[in-house]
Amino acid sequence: MPIHLKIGKNDLAKKVVTVGDPNRASLLANSLLDYPKLINENRGLLSYTGTYKGERISIVTHGIGMPSALIVFEELVSLGAKAIIRFGTSGSLKEQVKIGDIVIAESAGHFNSSAIRQYFDDIIPPNGFSFDLINILVDNFKRSDFNFHVGPIISSDAFYSESKDLALKLSRLGFFAIEMECASLAMIGWLRGLKTGCVLYVTNHLLRNGEEMLDSAQINKKMVSVATNIFDALTNFAV
């Protein structure tokens, strides 16, 4: 049994959706899964397994930041996970990416993360997500009411250092959105032979002054609807 996720190997589904917030894990499990079973609460990393349209899916909390998330991703792989989609929130770095939009990441940069560097030393790892999983996510969001974008995002280690000047620089470099964990998932996917994807709900805009970040109540109203499209994609994805 892994050190942090006290999950029996048979309790985890091969298809996993991970989130940063344990409250969000509970919300999605109770809203979308049939017969959700709490399979871990150690260290507050609430995790559930149930069925969605007959497909067995797990929802697992990974916490905040890449070091925390990497522990969870590694332990999920050791437990038999074959496909992991991170579902989280993000800040927009492009004028056309508006609050309430969806970003499906095709790749994820980072600020020379020490966690990733510890794995690869002086080698730059491939930080793209799985092409076949991206495609099935895109197909599902095309049928949804959400405005969505597909492009590169960047993972940050320091939430409160994200200044307007930094946002402008990242926007000029082509990044669509910023968050805190996706680059580590992309890296571990290639390293461990795991199918990976990342779907982000845009809750604030780093280029615009005066636009407030959506609060948790506003976010939760939309997260279940967004997650429905992710779960639909997973039911049609073979692992």
# chains A, B, ... in the order shown; residues from 1 in each chain; ligands from 1
call {"tool": "residues_around", "arguments": {"residues": "region 154-168 of chain A", "least_positions_apart": "4", "cutoff": "10 Å", "atoms": "only C-alpha atoms", "output": "short mmCIF file (atom, residue, chain, number, x, y, z; two decimals) with N, CA, C and O atoms, in the first residue's frame"}}
result
data_model
loop_
_atom_site.label_atom_id
_atom_site.label_comp_id
_atom_site.auth_asym_id
_atom_site.auth_seq_id
_atom_site.Cartn_x
_atom_site.Cartn_y
_atom_site.Cartn_z
N ILE A 64 -2.31 20.91 -3.49
CA ILE A 64 -1.86 22.10 -4.21
C ILE A 64 -0.38 22.00 -4.53
O ILE A 64 0.44 21.71 -3.66
N GLY A 65 -0.04 22.25 -5.79
CA GLY A 65 1.35 22.33 -6.20
C GLY A 65 1.90 21.01 -6.72
O GLY A 65 1.39 19.92 -6.43
N MET A 66 2.98 21.12 -7.50
CA MET A 66 3.53 19.94 -8.16
C MET A 66 4.15 18.92 -7.21
O MET A 66 4.00 17.71 -7.43
N PRO A 67 4.86 19.31 -6.15
CA PRO A 67 5.40 18.27 -5.25
C PRO A 67 4.29 17.40 -4.64
O PRO A 67 4.42 16.17 -4.58
N SER A 90 -8.07 27.75 -13.35
CA SER A 90 -6.91 28.43 -13.91
C SER A 90 -7.21 29.91 -14.11
O SER A 90 -8.36 30.34 -14.09
N GLY A 91 -6.12 30.66 -14.31
CA GLY A 91 -6.23 32.06 -14.67
C GLY A 91 -5.90 32.24 -16.14
O GLY A 91 -4.94 31.65 -16.64
N SER A 92 -6.69 33.04 -16.84
CA SER A 92 -6.46 33.26 -18.27
C SER A 92 -5.26 34.15 -18.51
O SER A 92 -5.00 35.11 -17.78
N LEU A 93 -4.53 33.84 -19.60
CA LEU A 93 -3.40 34.65 -20.05
C LEU A 93 -3.62 35.21 -21.46
O LEU A 93 -2.70 35.80 -22.04
N LYS A 94 -4.82 35.00 -22.01
CA LYS A 94 -5.13 35.48 -23.36
C LYS A 94 -6.45 36.24 -23.34
O LYS A 94 -7.40 35.84 -22.67
N ALA A 105 -5.58 21.52 -22.15
CA ALA A 105 -4.15 21.72 -22.36
C ALA A 105 -3.60 20.69 -23.34
O ALA A 105 -3.86 19.49 -23.20
N SER A 107 -0.20 20.93 -23.89
CA SER A 107 1.11 20.79 -23.27
C SER A 107 1.17 21.75 -22.09
O SER A 107 0.33 22.64 -21.94
N ALA A 108 2.20 21.57 -21.24
CA ALA A 108 2.31 22.39 -20.03
C ALA A 108 3.76 22.76 -19.76
O ALA A 108 4.60 21.88 -19.57
N GLY A 109 4.04 24.06 -19.74
CA GLY A 109 5.35 24.54 -19.35
C GLY A 109 5.43 24.71 -17.84
O GLY A 109 4.45 24.51 -17.12
N HIS A 110 6.60 25.08 -17.36
CA HIS A 110 6.77 25.35 -15.93
C HIS A 110 7.99 26.24 -15.75
O HIS A 110 8.77 26.48 -16.69
N PHE A 111 8.18 26.77 -14.54
CA PHE A 111 9.27 27.68 -14.24
C PHE A 111 10.48 26.91 -13.70
O PHE A 111 10.92 27.11 -12.57
N ASN A 112 11.01 26.01 -14.52
CA ASN A 112 12.16 25.21 -14.12
C ASN A 112 11.91 24.56 -12.76
O ASN A 112 12.72 24.66 -11.83
N SER A 113 10.76 23.92 -12.63
CA SER A 113 10.32 23.34 -11.36
C SER A 113 11.37 22.41 -10.76
O SER A 113 11.88 21.51 -11.43
N SER A 114 11.69 22.62 -9.49
CA SER A 114 12.67 21.76 -8.82
C SER A 114 12.17 20.32 -8.72
O SER A 114 12.97 19.37 -8.76
N ALA A 115 10.85 20.14 -8.60
CA ALA A 115 10.29 18.79 -8.51
C ALA A 115 10.52 18.03 -9.81
O ALA A 115 10.94 16.86 -9.81
N ARG A 172 2.60 36.79 -24.12
CA ARG A 172 3.41 36.99 -25.33
C ARG A 172 4.12 35.70 -25.74
O ARG A 172 4.36 35.47 -26.93
N LEU A 173 4.46 34.87 -24.77
CA LEU A 173 5.13 33.60 -25.07
C LEU A 173 4.17 32.52 -25.55
O LEU A 173 4.60 31.42 -25.90
N GLY A 174 2.88 32.83 -25.55
CA GLY A 174 1.91 31.92 -26.16
C GLY A 174 1.09 31.07 -25.22
O GLY A 174 0.26 30.27 -25.67
N PHE A 175 1.27 31.23 -23.91
CA PHE A 175 0.51 30.40 -22.96
C PHE A 175 -0.93 30.90 -22.85
O PHE A 175 -1.18 32.09 -22.78
N PHE A 176 -1.86 29.94 -22.77
CA PHE A 176 -3.28 30.27 -22.69
C PHE A 176 -3.75 30.52 -21.26
O PHE A 176 -4.65 31.32 -21.03
N ALA A 177 -3.18 29.78 -20.31
CA ALA A 177 -3.66 29.84 -18.92
C ALA A 177 -2.56 29.40 -17.98
O ALA A 177 -1.58 28.76 -18.39
N ILE A 178 -2.73 29.73 -16.70
CA ILE A 178 -1.77 29.37 -15.67
C ILE A 178 -2.47 28.63 -14.53
O ILE A 178 -3.59 28.99 -14.15
N GLU A 179 -1.81 27.59 -14.02
CA GLU A 179 -2.31 26.84 -12.87
C GLU A 179 -1.10 26.25 -12.16
O GLU A 179 -0.01 26.77 -12.32
N MET A 180 -1.24 25.16 -11.38
CA MET A 180 -0.14 24.77 -10.50
C MET A 180 0.28 23.30 -10.53
O MET A 180 1.20 22.92 -9.81
N GLU A 181 -0.35 22.45 -11.34
CA GLU A 181 -0.03 21.02 -11.27
C GLU A 181 0.14 20.29 -12.59
O GLU A 181 0.72 19.20 -12.64
N CYS A 182 -0.37 20.83 -13.68
CA CYS A 182 -0.49 20.05 -14.92
C CYS A 182 0.85 19.59 -15.50
O CYS A 182 0.94 18.50 -16.05
N ALA A 183 1.89 20.42 -15.39
CA ALA A 183 3.18 20.03 -15.97
C ALA A 183 3.71 18.76 -15.33
O ALA A 183 4.32 17.91 -16.00
N SER A 184 3.46 18.60 -14.03
CA SER A 184 3.94 17.39 -13.36
C SER A 184 3.19 16.16 -13.84
O SER A 184 3.77 15.07 -13.95
N HIS A 205 -8.93 36.39 -14.75
CA HIS A 205 -8.19 36.85 -15.94
C HIS A 205 -7.04 37.71 -15.48
O HIS A 205 -7.24 38.80 -14.95
N LEU A 206 -5.81 37.23 -15.70
CA LEU A 206 -4.64 37.93 -15.19
C LEU A 206 -4.27 39.18 -15.98
O LEU A 206 -3.47 39.99 -15.52
N LEU A 207 -4.86 39.36 -17.16
CA LEU A 207 -4.54 40.52 -17.98
C LEU A 207 -5.49 41.69 -17.74
O LEU A 207 -5.25 42.79 -18.22
N ARG A 208 -6.56 41.46 -17.02
CA ARG A 208 -7.60 42.49 -16.87
C ARG A 208 -7.68 42.98 -15.44
O ARG A 208 -7.87 42.19 -14.52
N ASN A 209 -7.57 44.26 -15.26
CA ASN A 209 -7.73 44.87 -13.94
C ASN A 209 -9.22 45.02 -13.64
O ASN A 209 -10.02 45.35 -14.51
#
call {"tool": "residues_around", "arguments": {"residues": "His62 (chain A)", "least_positions_apart": "5", "cutoff": "7 Å", "atoms": "only C-alpha atoms", "output": "number ranges by chain"}}
result
A: 18-20, 45, 68-69, 72
call {"tool": "write_last_selection", "arguments": {"atoms": "all heavy atoms", "output": "PDB file, in the first residue's frame"}}
result
ATOM      1  N   THR A  18      -8.427  13.682 -11.244  1.00  0.00           N
ATOM      2  CA  THR A  18      -7.827  14.257 -10.036  1.00  0.00           C
ATOM      3  C   THR A  18      -8.182  15.737  -9.930  1.00  0.00           C
ATOM      4  O   THR A  18      -8.306  16.440 -10.932  1.00  0.00           O
ATOM      5  CB  THR A  18      -6.296  14.094 -10.024  1.00  0.00           C
ATOM      6  OG1 THR A  18      -5.720  14.813 -11.124  1.00  0.00           O
ATOM      7  CG2 THR A  18      -5.896  12.636 -10.102  1.00  0.00           C
ATOM      8  N   VAL A  19      -8.322  16.185  -8.693  1.00  0.00           N
ATOM      9  CA  VAL A  19      -8.654  17.584  -8.404  1.00  0.00           C
ATOM     10  C   VAL A  19      -7.787  18.052  -7.236  1.00  0.00           C
ATOM     11  O   VAL A  19      -7.311  17.243  -6.432  1.00  0.00           O
ATOM     12  CB  VAL A  19     -10.144  17.754  -8.063  1.00  0.00           C
ATOM     13  CG1 VAL A  19     -11.027  17.402  -9.252  1.00  0.00           C
ATOM     14  CG2 VAL A  19     -10.542  16.903  -6.857  1.00  0.00           C
ATOM     15  N   GLY A  20      -7.611  19.354  -7.109  1.00  0.00           N
ATOM     16  CA  GLY A  20      -6.802  19.877  -6.024  1.00  0.00           C
ATOM     17  C   GLY A  20      -7.537  19.959  -4.705  1.00  0.00           C
ATOM     18  O   GLY A  20      -6.944  19.763  -3.637  1.00  0.00           O
ATOM     19  N   LEU A  45      -6.576  13.734   1.511  1.00  0.00           N
ATOM     20  CA  LEU A  45      -6.614  13.474   0.069  1.00  0.00           C
ATOM     21  C   LEU A  45      -7.836  12.610  -0.243  1.00  0.00           C
ATOM     22  O   LEU A  45      -7.738  11.442  -0.631  1.00  0.00           O
ATOM     23  CB  LEU A  45      -5.325  12.784  -0.374  1.00  0.00           C
ATOM     24  CG  LEU A  45      -4.035  13.588  -0.143  1.00  0.00           C
ATOM     25  CD1 LEU A  45      -2.801  12.729  -0.388  1.00  0.00           C
ATOM     26  CD2 LEU A  45      -4.005  14.837  -1.032  1.00  0.00           C
ATOM     27  N   SER A  68       3.208  18.030  -4.193  1.00  0.00           N
ATOM     28  CA  SER A  68       2.078  17.270  -3.651  1.00  0.00           C
ATOM     29  C   SER A  68       1.448  16.395  -4.728  1.00  0.00           C
ATOM     30  O   SER A  68       1.191  15.200  -4.519  1.00  0.00           O
ATOM     31  CB  SER A  68       1.025  18.230  -3.081  1.00  0.00           C
ATOM     32  OG  SER A  68      -0.163  17.540  -2.743  1.00  0.00           O
ATOM     33  N   ALA A  69       1.206  16.990  -5.892  1.00  0.00           N
ATOM     34  CA  ALA A  69       0.544  16.256  -6.970  1.00  0.00           C
ATOM     35  C   ALA A  69       1.379  15.078  -7.455  1.00  0.00           C
ATOM     36  O   ALA A  69       0.849  13.999  -7.738  1.00  0.00           O
ATOM     37  CB  ALA A  69       0.232  17.201  -8.125  1.00  0.00           C
ATOM     38  N   VAL A  72       0.912  11.997  -5.393  1.00  0.00           N
ATOM     39  CA  VAL A  72      -0.364  11.344  -5.686  1.00  0.00           C
ATOM     40  C   VAL A  72      -0.312  10.632  -7.034  1.00  0.00           C
ATOM     41  O   VAL A  72      -0.753   9.473  -7.154  1.00  0.00           O
ATOM     42  CB  VAL A  72      -1.510  12.362  -5.629  1.00  0.00           C
ATOM     43  CG1 VAL A  72      -2.824  11.743  -6.125  1.00  0.00           C
ATOM     44  CG2 VAL A  72      -1.683  12.884  -4.208  1.00  0.00           C
TER      45      VAL A  72
END
call {"tool": "residues_around", "arguments": {"residues": "Ile104 (chain A)", "least_positions_apart": "2", "cutoff": "10 Å", "atoms": "only C-alpha atoms", "output": "list in words"}}
result
Phe87, Ile102, Glu106, Ser107, Phe129, Ile134, Asn135, Leu137, Val138, Phe141, Phe148, His149, Val150, Gly151, Pro152, Ile153, Phe176, Ala177, Gly197, Cys198, Val199, Leu200 and Tyr201 of chain A
call {"tool": "select_by_dssp", "arguments": {"residues": "chain A", "states": "strand (DSSP E or B)", "output": "ChimeraX atom specification"}}
result
/A:15-19,34-40,47-52,55-61,83-92,102-110,128,148-155,177-179,195-205
call {"tool": "residues_around", "arguments": {"residues": "Lys14 (chain A)", "least_positions_apart": "6", "cutoff": "7 Å", "atoms": "only C-alpha atoms", "output": "list in words"}}
result
Gly80, Ala81, Lys82 and Ala83 of chain A
call {"tool": "write_last_selection", "arguments": {"atoms": "N, CA and C atoms", "output": "short mmCIF file (atom, residue, chain, number, x, y, z; two decimals), in the first residue's frame"}}
result
data_model
loop_
_atom_site.label_atom_id
_atom_site.label_comp_id
_atom_site.auth_asym_id
_atom_site.auth_seq_id
_atom_site.Cartn_x
_atom_site.Cartn_y
_atom_site.Cartn_z
N GLY A 80 -2.30 1.05 -10.15
CA GLY A 80 -2.88 0.52 -11.37
C GLY A 80 -3.62 1.51 -12.26
N ALA A 81 -3.54 2.81 -11.97
CA ALA A 81 -4.19 3.80 -12.84
C ALA A 81 -3.56 3.76 -14.24
N LYS A 82 -4.38 3.85 -15.26
CA LYS A 82 -3.90 3.83 -16.65
C LYS A 82 -4.15 5.15 -17.37
N ALA A 83 -5.13 5.93 -16.91
CA ALA A 83 -5.43 7.23 -17.51
C ALA A 83 -5.81 8.19 -16.39
#
call {"tool": "atom_distance", "arguments": {"atom1": "CA of Pro36 (chain A)", "atom2": "CA of Gly50 (chain A)"}}
result
4.3 Å
call {"tool": "closest_residue", "arguments": {"among": "A:Val224, A:Ala238, A:Met187, A:Leu214", "to": "Ile123 (chain A)", "atoms": "only C-alpha atoms"}}
result
A:Met187
call {"tool": "closest_residue", "arguments": {"among": "A:Ile219, A:Leu234, A:Leu185, A:Leu133", "to": "Phe73 (chain A)", "atoms": "only C-alpha atoms"}}
result
A:Leu185
call {"tool": "closest_residue", "arguments": {"among": "A:Asp132, A:Asp139, A:Asp34, A:Asp21", "to": "Leu46 (chain A)", "atoms": "only C-alpha atoms"}}
result
A:Asp21
call {"tool": "atom_distance", "arguments": {"atom1": "CA of Thr203 (chain A)", "atom2": "CA of Gly88 (chain A)"}}
result
9.8 Å
call {"tool": "closest_atom_pairs", "arguments": {"of": "region 36-131 of chain A", "to": "region 4-8 of chain A", "cutoff": "12 Å", "atoms": "only C-alpha atoms", "output": "Markdown table"}}
result
| residue | atom | partner | partner_atom | distance |
| --- | --- | --- | --- | --- |
| A:Lys37 | CA | A:Ile7 | CA | 11.3 |
| A:Leu38 | CA | A:Ile7 | CA | 9.6 |
| A:Ile39 | CA | A:Ile7 | CA | 5.8 |
| A:Asn40 | CA | A:Lys6 | CA | 5.7 |
| A:Glu41 | CA | A:Lys6 | CA | 7.8 |
| A:Asn42 | CA | A:Leu5 | CA | 6.4 |
| A:Arg43 | CA | A:His4 | CA | 7.0 |
| A:Gly44 | CA | A:Leu5 | CA | 9.7 |
| A:Leu45 | CA | A:Leu5 | CA | 7.3 |
| A:Leu46 | CA | A:Leu5 | CA | 9.0 |
| A:Ser47 | CA | A:Leu5 | CA | 8.6 |
| A:Tyr48 | CA | A:Ile7 | CA | 9.8 |
| A:Thr49 | CA | A:Ile7 | CA | 10.4 |
| A:Ser58 | CA | A:Ile7 | CA | 11.2 |
| A:Val60 | CA | A:Leu5 | CA | 9.4 |
| A:Thr61 | CA | A:Leu5 | CA | 9.8 |
| A:His62 | CA | A:Leu5 | CA | 9.9 |
| A:Gly63 | CA | A:His4 | CA | 11.8 |
| A:Ser68 | CA | A:His4 | CA | 10.2 |
| A:Ala69 | CA | A:His4 | CA | 11.4 |
| A:Leu70 | CA | A:His4 | CA | 11.5 |
| A:Ile71 | CA | A:His4 | CA | 7.9 |
| A:Val72 | CA | A:Leu5 | CA | 7.3 |
| A:Phe73 | CA | A:Leu5 | CA | 10.2 |
| A:Glu74 | CA | A:Leu5 | CA | 10.3 |
| A:Glu75 | CA | A:Leu5 | CA | 7.0 |
| A:Leu76 | CA | A:Leu5 | CA | 8.2 |
| A:Val77 | CA | A:Leu5 | CA | 11.4 |
| A:Ser78 | CA | A:Leu5 | CA | 10.5 |
| A:Leu79 | CA | A:Gly8 | CA | 7.8 |
| A:Gly80 | CA | A:Gly8 | CA | 10.5 |
| A:Ala81 | CA | A:Ile7 | CA | 12.0 |
